[in-house]
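Before any comments, here is the structure.
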Amino acid sequence: MRAVEGVSFSIERGETLGIVGESGSGKSVTCYSLMGLVPQPPGRIESGRALFDGIDLLSCSPAEARAIRGKRIAMIFQDPMTSLNPYLRISEQLIEPLLIHERIQRADALARGLAMLEAVGINDAARRLHQYPHEFSGGMRQRVMIAMALITRPELLIADEPTTALDVTVQAQILELLKKLQREFGMAVIFITHDLAVVSGLCDRVQVMYAGRILERAGSRTLFTSPRHPYTQALQRSIPALQPKGAALYTIPGMPPDLSAPVVGCPFATRCEFAVDYCRRDPVALLEVAPGQCSACLRVQRGEI
């Protein structure tokens, strides 16, 4: 099964790149590959490069990867309850990156851990620093995960759906916190989500993934005002807030393709209302269709829609 195929993108310091798509579209696997977190076996990376400051993350030595992972590149995982060890106090987990990567004294690491908890908005941080994960709410645990990821001041932060399990109020607080810390640290952020509404006010550029491929890439404003792929348009139509009051909620018909078999033509063709015969037959590539905007729709590339 090819979980990800032909994915290529770049991100600059201080920039936020959004990766959106349905569950199973390859968003998380793409970033797990950068972090070296894809279990091998059964997974394997057959080809390609992932250059970070001149270092190929896919072919560097384990020692080089360990020096980068958690220090220069950090990741916030989707579910903070399963990402935190329930047997260890927050303090032990929070200062671990400092003890490993910077090898500072434990007292100094605890002081920095306390300062980071305060920076992410945890009240009474001095007391809560030594509590266990189950003593925190879901929003507070997610703030702890953000503190753990940022305590070494990474150059690149990968946020894998960090607000999925949170209510709307806490979600807004977490997003505002990420933007504030990004400005302070000047770091690049890759933000993975299935929620287009979240990326609209957070990301500079957005790429839309489906069936392991990028179907559209554009600036955030351009993607929302002038989407150039039927899948992106369908995702926008699926946002409940954009539906007329009282109307039936729009859903994308069908199911994603089975990636265990070769996908011929456009992977979205079986669910696309604009698909014609050659969409299901001809190979498709991501091409520029407008300045700064790329689409993998054959009909858009030919100017038919």
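A note on labels: chains of the structure tokens are A, B, ... as shown, every chain counts residues from 1, and ligands are counted from 1 in their shown order.
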
Report the closest atom pair, with its distance in Å rounded to one decimal, for each residue of segment 200-249 of chain A that has an atom no farther than 12 Å from segment 154-176 of chain A; count only C-alpha atoms, sort by chain and then rising residue number, and write it as CSV.
residue,atom,partner,partner_atom,distance
A:Ser200,CA,A:Leu175,CA,11.6
A:Gly201,CA,A:Leu175,CA,9.4
A:Leu202,CA,A:Leu175,CA,7.6
A:Cys203,CA,A:Leu175,CA,10.8

task = Determine, counting only C-alpha atoms, which protein, DNA and RNA residues have an atom within 12 Å of an atom of Gln93 of chain A; residues of the same chain fewer than 6 positions away are not included. Present the result as a list in words.
result =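 The filter keeps Ser83, Leu84, Asn85, Pro86, Tyr87, Leu99, Ile100, Ala109, Leu110, Gly113, Leu129, His130, Gln131, Tyr132, Pro133, Arg141, Val144, Met145, Ala147, Met148, Ala149 and Ile151 of chain A.
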
Which residues are near segment 42-51 of chain A? Cut-off 10 Å, only C-alpha atoms, ignore same chain within fewer than 2 positions. Put them as a short mmCIF file (atom, residue, chain, number, x, y, z; two decimals) with N, CA and C atoms, in the first residue's frame.
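And here's out-v9.cif as it stands now:
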data_model
loop_
_atom_site.label_atom_id
_atom_site.label_comp_id
_atom_site.auth_asym_id
_atom_site.auth_seq_id
_atom_site.Cartn_x
_atom_site.Cartn_y
_atom_site.Cartn_z
N MET A 1 0.85 -1.19 0.00
CA MET A 1 0.00 0.00 0.00
C MET A 1 0.88 1.24 0.00
N ARG A 2 0.66 2.14 -0.93
CA ARG A 2 1.40 3.40 -0.98
C ARG A 2 0.63 4.46 -0.20
N ALA A 3 1.05 4.69 1.03
CA ALA A 3 0.36 5.66 1.87
C ALA A 3 0.58 7.08 1.39
N VAL A 4 1.77 7.35 0.84
CA VAL A 4 2.12 8.67 0.33
C VAL A 4 2.90 8.47 -0.96
N GLU A 5 2.58 9.28 -1.99
CA GLU A 5 3.27 9.11 -3.27
C GLU A 5 3.45 10.47 -3.95
N GLY A 6 4.67 10.77 -4.31
CA GLY A 6 4.95 11.98 -5.09
C GLY A 6 4.70 13.28 -4.36
N VAL A 7 4.83 13.29 -3.04
CA VAL A 7 4.57 14.52 -2.28
C VAL A 7 5.84 15.37 -2.24
N SER A 8 5.70 16.65 -2.56
CA SER A 8 6.84 17.56 -2.54
C SER A 8 6.38 18.94 -2.09
N PHE A 9 7.09 19.52 -1.13
CA PHE A 9 6.74 20.85 -0.66
C PHE A 9 7.94 21.46 0.05
N SER A 10 7.86 22.76 0.31
CA SER A 10 8.92 23.46 1.03
C SER A 10 8.28 24.38 2.05
N SER A 33 7.27 10.60 8.50
CA SER A 33 8.46 10.24 7.72
C SER A 33 9.58 11.23 7.98
N LEU A 34 9.24 12.52 8.07
CA LEU A 34 10.26 13.53 8.34
C LEU A 34 10.91 13.31 9.70
N LEU A 37 9.54 8.46 12.30
CA LEU A 37 8.64 7.74 13.20
C LEU A 37 7.80 6.68 12.50
N VAL A 38 8.05 6.44 11.22
CA VAL A 38 7.35 5.36 10.52
C VAL A 38 8.05 4.05 10.86
N PRO A 39 7.35 3.10 11.50
CA PRO A 39 8.00 1.82 11.86
C PRO A 39 8.49 1.10 10.61
N GLN A 40 9.77 0.71 10.62
CA GLN A 40 10.36 0.00 9.48
C GLN A 40 11.03 -1.27 9.94
N ASP A 53 17.91 22.13 6.36
CA ASP A 53 19.17 22.84 6.55
C ASP A 53 20.35 22.05 5.96
N GLY A 54 20.11 21.48 4.77
CA GLY A 54 21.16 20.75 4.06
C GLY A 54 21.34 19.30 4.46
N ILE A 55 20.59 18.83 5.46
CA ILE A 55 20.69 17.44 5.92
C ILE A 55 19.49 16.66 5.40
N ASP A 56 19.74 15.53 4.76
CA ASP A 56 18.66 14.68 4.28
C ASP A 56 18.14 13.82 5.43
N LEU A 57 16.95 14.13 5.90
CA LEU A 57 16.39 13.43 7.05
C LEU A 57 16.09 11.97 6.76
N LEU A 58 15.96 11.61 5.48
CA LEU A 58 15.60 10.24 5.13
C LEU A 58 16.81 9.32 5.02
N SER A 59 18.00 9.90 4.90
CA SER A 59 19.18 9.05 4.73
C SER A 59 20.29 9.35 5.74
#

task = Go through segment 153-289 of chain A and collect every residue that DSSP, computed from the backbone, puts in helix (DSSP H, G or I); the answer should be as a ChimeraX atom specification.
result = /A:168-185,196-200,220-225,230-237,240-242,269-271,277-280

message = I'd like the contact shell of Pro267 of chain A - 7 Å cut-off, only C-alpha atoms, skipping same-chain residues fewer than 4 positions apart - returned as a PyMOL selection string.
response = chain A and resi 211+257+263

Give me a file of those residues, with C-alpha atoms, as an mmCIF file, in the first residue's frame.
data_model
loop_
_atom_site.group_PDB
_atom_site.id
_atom_site.type_symbol
_atom_site.label_atom_id
_atom_site.label_comp_id
_atom_site.auth_asym_id
_atom_site.auth_seq_id
_atom_site.Cartn_x
_atom_site.Cartn_y
_atom_site.Cartn_z
ATOM 1 C CA ALA A 211 -5.198 9.324 -1.286
ATOM 2 C CA PRO A 257 -9.876 4.611 -3.161
ATOM 3 C CA VAL A 263 -4.782 4.089 -8.639
#

request  = Assign secondary structure with DSSP using the backbone only, and return the residues of segment 51-257 of chain A in strand (DSSP E or B) as number ranges by chain.
outcome  = A: 51-52, 55-56, 69, 73-76, 156-160, 188-193, 205-210, 213-219
